Amino acid sequence: MNPPSFRATVTALAAGQLLCWAALYYGFSSFVLPMQHAMGWSKPEMMGAFTLGLAVWGAATYAAGAAIDHGRGRAVMTLGAALAGLGFLAWSRAESLPGLYGAWVLLGAAMAMTLYEPAFNVLTKRFPAQYREGITTLTLVGGFASTLSFPAIAALLAWLDWRSALAVIGVVLLVLVAPLHAWALKGTPTQDTHPAAHDAADDATLHEALRERAFWLLTATFTLYSFAVAALWAHIMPAFAAKGLPEATALSVVVWFGPAQVAGRFAFLAFGRWITVRVLGMIVLAGMPAALAIFALADSTVALVLFALLFGLANGLVTIVRGNLVPEYFGRSHVGRISGTMSAIALLSRAAAPLLTAWLLLALPGYRELLLGLAGLGALAVLAFALARPPARQATSTAPDSGGSVSAS
């Protein structure tokens, strides 16, 4: 049997991204209160498990990327989904905090093997002439993960106890997502998907990329961005409360994040072929500090909704920028290792952000100053990105392939 077509592969991987993001990244918060009521664990104790998972995600990203570079993308993504299922089953049986933390070590490794980066790298290698379209589709579908996660888990918890709900999620990942990944990535596409102008000799190895100024500037860009965004997610509800706003008002604002994120990706799908990745990156990255400054200074609901829309648009498109930029700057041959190294640093920053900013709040007058500080970090990310010019080798070798466009070839 022939390998699945490009569209079939992207469709299957998009479904996997939707379910993996909904379970692995967004699912944790829905189980905090049920676990607290049942086990008596404190919120910091439970949040430590999720932080550990994020740290393992960052630490394991390079290994996953290296395996994909060696042609093991199918094994990485299939095993990652299976490991996610086993992690949820282990979580469902946790009777102590060490058991909970052990489950999240498994789940952190599963994140590194399934969430966006591995799928981007696999598509880049299997369909080098079409990967940009595939990445956009994956992020578009993945943008609905939070919309799926919270109501689906709420329905499970209304029907089952929290342990059984976790077990159901684990079974879905094991018997649905893992086989889906295995099917989508079987064989090698037989069609001529390699752009004729591409020369693999022009692609940078990880060692060569590490000597490029652009690599470190891009790493700084996404590390600063990840830190600021993770800090915002961790403190957003207390920040609303610090403004004296009721929870209902806060919810009426944050509900706009998802639609804005998806709308931005839809707009890119329709018009992305007319904008280069660098121009899009500058616009997207500039949106984050602007949004944080509005949140810090505004008190009216209208202004806060503007913050949510601007932040949602930026956050929805930054993943597309990130996924397209590395192969455009450094080539496709070693994209797994290069992306993995870059992502590992940013993900460790994301894992540390909630705790570091909680400590920082002890020295600051309040959330307004913290948010303005995060906006300053966002501005530094924009500056680093502006200085990150493509390496000379890639600047010349990618032009015939894509014309510098982020869109599909």
# chains A, B, ... in the order shown; residues from 1 in each chain; ligands from 1
>>> residues_around(residues="A:Thr205", least_positions_apart="2", cutoff="6 Å", atoms="only C-alpha atoms", output="list in words")
His207, Glu208 and His334 of chain A
>>> write_last_selection(atoms="all heavy atoms", output="PDB file, in the first residue's frame")
ATOM      1  N   HIS A 207      26.246  22.143  14.365  1.00  0.00           N
ATOM      2  CA  HIS A 207      27.518  22.774  14.729  1.00  0.00           C
ATOM      3  C   HIS A 207      27.704  24.084  13.978  1.00  0.00           C
ATOM      4  O   HIS A 207      28.146  25.088  14.543  1.00  0.00           O
ATOM      5  CB  HIS A 207      28.675  21.816  14.429  1.00  0.00           C
ATOM      6  CG  HIS A 207      30.016  22.356  14.801  1.00  0.00           C
ATOM      7  ND1 HIS A 207      30.414  22.561  16.110  1.00  0.00           N
ATOM      8  CD2 HIS A 207      31.062  22.766  14.022  1.00  0.00           C
ATOM      9  CE1 HIS A 207      31.643  23.060  16.121  1.00  0.00           C
ATOM     10  NE2 HIS A 207      32.058  23.200  14.869  1.00  0.00           N
ATOM     11  N   GLU A 208      27.358  24.086  12.702  1.00  0.00           N
ATOM     12  CA  GLU A 208      27.474  25.318  11.916  1.00  0.00           C
ATOM     13  C   GLU A 208      26.457  26.363  12.370  1.00  0.00           C
ATOM     14  O   GLU A 208      26.767  27.560  12.447  1.00  0.00           O
ATOM     15  CB  GLU A 208      27.281  25.002  10.434  1.00  0.00           C
ATOM     16  CG  GLU A 208      28.431  24.202   9.825  1.00  0.00           C
ATOM     17  CD  GLU A 208      28.103  23.658   8.446  1.00  0.00           C
ATOM     18  OE1 GLU A 208      26.898  23.573   8.104  1.00  0.00           O
ATOM     19  OE2 GLU A 208      29.050  23.320   7.732  1.00  0.00           O
ATOM     20  N   HIS A 334      18.985  19.269   8.738  1.00  0.00           N
ATOM     21  CA  HIS A 334      19.234  19.086  10.168  1.00  0.00           C
ATOM     22  C   HIS A 334      18.237  19.894  10.999  1.00  0.00           C
ATOM     23  O   HIS A 334      18.548  20.329  12.100  1.00  0.00           O
ATOM     24  CB  HIS A 334      20.676  19.492  10.505  1.00  0.00           C
ATOM     25  CG  HIS A 334      21.706  18.782   9.681  1.00  0.00           C
ATOM     26  ND1 HIS A 334      22.134  17.500   9.959  1.00  0.00           N
ATOM     27  CD2 HIS A 334      22.354  19.155   8.544  1.00  0.00           C
ATOM     28  CE1 HIS A 334      23.028  17.120   9.046  1.00  0.00           C
ATOM     29  NE2 HIS A 334      23.178  18.112   8.175  1.00  0.00           N
TER      30      HIS A 334
END
>>> residues_around(residues="stretch 107-118 of chain A", least_positions_apart="6", cutoff="8 Å", atoms="only C-alpha atoms", output="PyMOL selection string")
chain A and resi 17+20-21+24+52-58+60-61+64-65+68+73+76-77+79-81+83-84+87-88+138-139+323+336+339-340
>>> write_last_selection(atoms="N, CA, C and O atoms", output="tab-separated table (two decimals), in the first residue's frame")
chain	number	residue	atom	x	y	z
A	17	GLN	N	-2.58	16.48	16.65
A	17	GLN	CA	-2.19	17.70	17.37
A	17	GLN	C	-3.33	18.23	18.22
A	17	GLN	O	-3.14	18.64	19.37
A	20	CYS	N	-3.65	15.83	21.24
A	20	CYS	CA	-2.49	15.86	22.12
A	20	CYS	C	-2.39	17.19	22.88
A	20	CYS	O	-2.12	17.21	24.09
A	21	TRP	N	-2.58	18.31	22.17
A	21	TRP	CA	-2.56	19.60	22.87
A	21	TRP	C	-3.69	19.69	23.89
A	21	TRP	O	-3.49	20.19	25.01
A	24	LEU	N	-2.50	17.06	26.80
A	24	LEU	CA	-1.21	17.22	27.46
A	24	LEU	C	-0.99	18.64	27.99
A	24	LEU	O	-0.42	18.81	29.08
A	52	LEU	N	7.42	20.42	36.23
A	52	LEU	CA	8.37	19.36	35.93
A	52	LEU	C	8.15	18.83	34.51
A	52	LEU	O	9.09	18.60	33.76
A	53	GLY	N	6.88	18.65	34.15
A	53	GLY	CA	6.57	18.18	32.81
A	53	GLY	C	7.08	19.14	31.75
A	53	GLY	O	7.66	18.71	30.73
A	54	LEU	N	6.90	20.43	31.95
A	54	LEU	CA	7.39	21.43	30.99
A	54	LEU	C	8.92	21.39	30.90
A	54	LEU	O	9.50	21.54	29.81
A	55	ALA	N	9.59	21.20	32.05
A	55	ALA	CA	11.04	21.13	32.04
A	55	ALA	C	11.53	19.90	31.28
A	55	ALA	O	12.50	19.97	30.51
A	56	VAL	N	10.87	18.76	31.49
A	56	VAL	CA	11.25	17.54	30.75
A	56	VAL	C	11.00	17.74	29.27
A	56	VAL	O	11.79	17.29	28.42
A	57	TRP	N	9.90	18.39	28.93
A	57	TRP	CA	9.62	18.72	27.53
A	57	TRP	C	10.81	19.44	26.90
A	57	TRP	O	11.30	19.07	25.83
A	58	GLY	N	11.29	20.49	27.58
A	58	GLY	CA	12.43	21.23	27.05
A	58	GLY	C	13.69	20.38	26.97
A	58	GLY	O	14.41	20.42	25.97
A	60	ALA	N	14.00	17.16	26.61
A	60	ALA	CA	13.92	16.04	25.67
A	60	ALA	C	13.76	16.48	24.22
A	60	ALA	O	13.79	15.63	23.31
A	61	THR	N	13.58	17.76	23.98
A	61	THR	CA	13.29	18.23	22.63
A	61	THR	C	14.42	17.95	21.65
A	61	THR	O	14.19	17.55	20.50
A	64	ALA	N	14.46	14.26	20.56
A	64	ALA	CA	13.37	13.97	19.62
A	64	ALA	C	13.72	14.50	18.23
A	64	ALA	O	13.52	13.81	17.21
A	65	GLY	N	14.26	15.71	18.16
A	65	GLY	CA	14.63	16.28	16.87
A	65	GLY	C	15.75	15.51	16.20
A	65	GLY	O	15.73	15.29	14.98
A	68	ILE	N	14.38	12.41	14.61
A	68	ILE	CA	13.67	12.73	13.37
A	68	ILE	C	14.67	12.98	12.25
A	68	ILE	O	14.47	12.55	11.10
A	73	GLY	N	11.03	9.69	12.40
A	73	GLY	CA	9.90	10.54	12.75
A	73	GLY	C	8.65	9.73	13.09
A	73	GLY	O	7.92	10.07	14.02
A	76	VAL	N	9.08	8.31	16.55
A	76	VAL	CA	9.02	9.36	17.59
A	76	VAL	C	7.58	9.74	17.88
A	76	VAL	O	7.15	9.77	19.05
A	77	MET	N	6.80	10.04	16.85
A	77	MET	CA	5.45	10.54	17.07
A	77	MET	C	4.49	9.43	17.53
A	77	MET	O	3.59	9.68	18.33
A	79	LEU	N	5.44	6.62	19.27
A	79	LEU	CA	5.82	6.32	20.65
A	79	LEU	C	5.43	7.46	21.57
A	79	LEU	O	5.01	7.23	22.72
A	80	GLY	N	5.52	8.71	21.09
A	80	GLY	CA	5.14	9.85	21.92
A	80	GLY	C	3.68	9.80	22.32
A	80	GLY	O	3.33	10.04	23.48
A	81	ALA	N	2.80	9.48	21.37
A	81	ALA	CA	1.37	9.38	21.69
A	81	ALA	C	1.11	8.23	22.64
A	81	ALA	O	0.29	8.34	23.57
A	83	LEU	N	3.27	7.00	24.80
A	83	LEU	CA	3.81	7.41	26.10
A	83	LEU	C	2.85	8.37	26.80
A	83	LEU	O	2.69	8.32	28.03
A	84	ALA	N	2.20	9.25	26.03
A	84	ALA	CA	1.20	10.15	26.60
A	84	ALA	C	0.05	9.35	27.22
A	84	ALA	O	-0.42	9.64	28.32
A	87	GLY	N	1.22	7.81	30.36
A	87	GLY	CA	1.36	8.83	31.39
A	87	GLY	C	0.02	9.17	32.03
A	87	GLY	O	-0.07	9.34	33.26
A	88	PHE	N	-1.02	9.28	31.22
A	88	PHE	CA	-2.34	9.56	31.78
A	88	PHE	C	-2.85	8.40	32.61
A	88	PHE	O	-3.48	8.59	33.67
A	138	LEU	N	-1.64	22.58	10.55
A	138	LEU	CA	-1.51	22.01	11.89
A	138	LEU	C	-1.79	23.05	12.96
A	138	LEU	O	-2.49	22.77	13.95
A	139	THR	N	-1.23	24.26	12.81
A	139	THR	CA	-1.45	25.28	13.83
A	139	THR	C	-2.89	25.78	13.82
A	139	THR	O	-3.43	26.14	14.87
A	323	GLY	N	7.85	27.88	13.10
A	323	GLY	CA	7.95	26.66	12.33
A	323	GLY	C	8.57	26.85	10.96
A	323	GLY	O	9.23	25.96	10.43
A	336	GLY	N	15.65	19.09	12.66
A	336	GLY	CA	15.26	18.53	13.95
A	336	GLY	C	16.21	18.92	15.06
A	336	GLY	O	15.79	19.37	16.14
A	339	SER	N	16.16	22.96	15.46
A	339	SER	CA	14.92	23.38	16.12
A	339	SER	C	14.87	22.89	17.55
A	339	SER	O	14.43	23.59	18.47
A	340	GLY	N	15.31	21.63	17.77
A	340	GLY	CA	15.28	21.07	19.11
A	340	GLY	C	16.15	21.83	20.09
A	340	GLY	O	15.76	22.07	21.23
>>> closest_residue(among="A:Pro354, A:Gly264, A:Gly71, A:Pro179", to="A:Phe50", atoms="only C-alpha atoms")
A:Pro354
>>> closest_residue(among="A:Ala59, A:Ala167, A:Ala270, A:Leu19", to="A:Phe144", atoms="only C-alpha atoms")
A:Leu19
>>> closest_residue(among="A:Leu355, A:Val326, A:Leu33, A:Ala267", to="A:Leu157", atoms="only C-alpha atoms")
A:Leu33
>>> closest_residue(among="A:Pro259, A:Leu360, A:Arg132, A:Leu224", to="A:Arg273", atoms="only C-alpha atoms")
A:Arg132
>>> select_by_dssp(residues="stretch 109-288 of chain A", states="alpha helix (DSSP H)", output="count of residues only")
131
>>> residues_around(residues="A:Ser146", least_positions_apart="3", cutoff="10 Å", atoms="only C-alpha atoms", output="PyMOL selection string")
chain A and resi 18-19+21-23+25-27+142-143+149-152+258
>>> write_last_selection(atoms="N, CA, C and O atoms", output="PDB file, in the first residue's frame")
ATOM      1  N   LEU A  18      -4.542  18.219  17.657  1.00  0.00           N
ATOM      2  CA  LEU A  18      -5.710  18.693  18.398  1.00  0.00           C
ATOM      3  C   LEU A  18      -5.887  17.914  19.693  1.00  0.00           C
ATOM      4  O   LEU A  18      -6.058  18.497  20.779  1.00  0.00           O
ATOM      5  N   LEU A  19      -5.827  16.585  19.615  1.00  0.00           N
ATOM      6  CA  LEU A  19      -6.057  15.752  20.786  1.00  0.00           C
ATOM      7  C   LEU A  19      -4.880  15.806  21.758  1.00  0.00           C
ATOM      8  O   LEU A  19      -5.078  15.839  22.984  1.00  0.00           O
ATOM      9  N   TRP A  21      -2.584  18.308  22.174  1.00  0.00           N
ATOM     10  CA  TRP A  21      -2.561  19.600  22.866  1.00  0.00           C
ATOM     11  C   TRP A  21      -3.693  19.690  23.894  1.00  0.00           C
ATOM     12  O   TRP A  21      -3.489  20.189  25.008  1.00  0.00           O
ATOM     13  N   ALA A  22      -4.897  19.242  23.523  1.00  0.00           N
ATOM     14  CA  ALA A  22      -6.033  19.312  24.441  1.00  0.00           C
ATOM     15  C   ALA A  22      -5.760  18.524  25.712  1.00  0.00           C
ATOM     16  O   ALA A  22      -6.109  18.958  26.816  1.00  0.00           O
ATOM     17  N   ALA A  23      -5.120  17.351  25.562  1.00  0.00           N
ATOM     18  CA  ALA A  23      -4.866  16.497  26.722  1.00  0.00           C
ATOM     19  C   ALA A  23      -3.626  16.933  27.495  1.00  0.00           C
ATOM     20  O   ALA A  23      -3.674  17.160  28.713  1.00  0.00           O
ATOM     21  N   TYR A  25      -1.385  19.643  27.246  1.00  0.00           N
ATOM     22  CA  TYR A  25      -1.052  21.020  27.641  1.00  0.00           C
ATOM     23  C   TYR A  25      -2.194  21.706  28.378  1.00  0.00           C
ATOM     24  O   TYR A  25      -1.984  22.355  29.409  1.00  0.00           O
ATOM     25  N   TYR A  26      -3.412  21.568  27.857  1.00  0.00           N
ATOM     26  CA  TYR A  26      -4.533  22.298  28.449  1.00  0.00           C
ATOM     27  C   TYR A  26      -5.281  21.495  29.502  1.00  0.00           C
ATOM     28  O   TYR A  26      -6.061  22.050  30.271  1.00  0.00           O
ATOM     29  N   GLY A  27      -5.077  20.194  29.554  1.00  0.00           N
ATOM     30  CA  GLY A  27      -5.891  19.359  30.432  1.00  0.00           C
ATOM     31  C   GLY A  27      -5.576  19.473  31.912  1.00  0.00           C
ATOM     32  O   GLY A  27      -6.449  19.241  32.753  1.00  0.00           O
ATOM     33  N   GLY A 142      -4.766  22.981  15.579  1.00  0.00           N
ATOM     34  CA  GLY A 142      -4.320  22.960  16.968  1.00  0.00           C
ATOM     35  C   GLY A 142      -4.838  24.131  17.779  1.00  0.00           C
ATOM     36  O   GLY A 142      -4.955  24.038  19.005  1.00  0.00           O
ATOM     37  N   GLY A 143      -5.159  25.235  17.105  1.00  0.00           N
ATOM     38  CA  GLY A 143      -5.696  26.400  17.807  1.00  0.00           C
ATOM     39  C   GLY A 143      -7.023  26.141  18.493  1.00  0.00           C
ATOM     40  O   GLY A 143      -7.429  26.909  19.370  1.00  0.00           O
ATOM     41  N   SER A 149     -10.641  21.094  24.895  1.00  0.00           N
ATOM     42  CA  SER A 149     -10.195  20.509  26.156  1.00  0.00           C
ATOM     43  C   SER A 149     -11.128  20.795  27.329  1.00  0.00           C
ATOM     44  O   SER A 149     -11.590  19.867  28.012  1.00  0.00           O
ATOM     45  N   PHE A 150     -11.407  22.070  27.577  1.00  0.00           N
ATOM     46  CA  PHE A 150     -12.128  22.418  28.801  1.00  0.00           C
ATOM     47  C   PHE A 150     -13.548  21.859  28.843  1.00  0.00           C
ATOM     48  O   PHE A 150     -13.940  21.235  29.833  1.00  0.00           O
ATOM     49  N   PRO A 151     -14.358  22.023  27.802  1.00  0.00           N
ATOM     50  CA  PRO A 151     -15.700  21.434  27.871  1.00  0.00           C
ATOM     51  C   PRO A 151     -15.693  19.905  27.832  1.00  0.00           C
ATOM     52  O   PRO A 151     -16.523  19.260  28.479  1.00  0.00           O
ATOM     53  N   ALA A 152     -14.771  19.297  27.078  1.00  0.00           N
ATOM     54  CA  ALA A 152     -14.724  17.833  27.004  1.00  0.00           C
ATOM     55  C   ALA A 152     -14.359  17.230  28.348  1.00  0.00           C
ATOM     56  O   ALA A 152     -14.980  16.246  28.805  1.00  0.00           O
ATOM     57  N   GLY A 258      -8.946  32.615  22.204  1.00  0.00           N
ATOM     58  CA  GLY A 258      -9.061  31.531  21.225  1.00  0.00           C
ATOM     59  C   GLY A 258      -9.549  31.994  19.865  1.00  0.00           C
ATOM     60  O   GLY A 258      -8.903  31.718  18.839  1.00  0.00           O
TER      61      GLY A 258
END
>>> closest_residue(among="A:Met282, A:Leu100, A:Val122, A:Leu156", to="A:Leu387", atoms="only C-alpha atoms")
A:Met282
>>> atom_distance(atom1="atom CA of A:Arg7", atom2="atom CA of A:Lys186")
14.1 Å
>>> residues_around(residues="stretch 225-236 of chain A", least_positions_apart="2", cutoff="7 Å", atoms="only C-alpha atoms", output="PyMOL selection string")
chain A and resi 221-223+238-240+346+349-350+353-354+357+374+377-378+381
>>> closest_residue(among="A:Gly40, A:Pro365, A:Pro390, A:Pro3", to="A:Ala182", atoms="only C-alpha atoms")
A:Pro3
>>> atom_distance(atom1="atom CA of A:Leu371", atom2="atom CA of A:Ser300")
16.6 Å
>>> residues_around(residues="A:Ala308", least_positions_apart="6", cutoff="9 Å", atoms="only C-alpha atoms", output="PyMOL selection string")
chain A and resi 253-257+260+291+295
>>> atom_distance(atom1="atom CA of A:Leu97", atom2="atom CA of A:Lys43")
11.7 Å
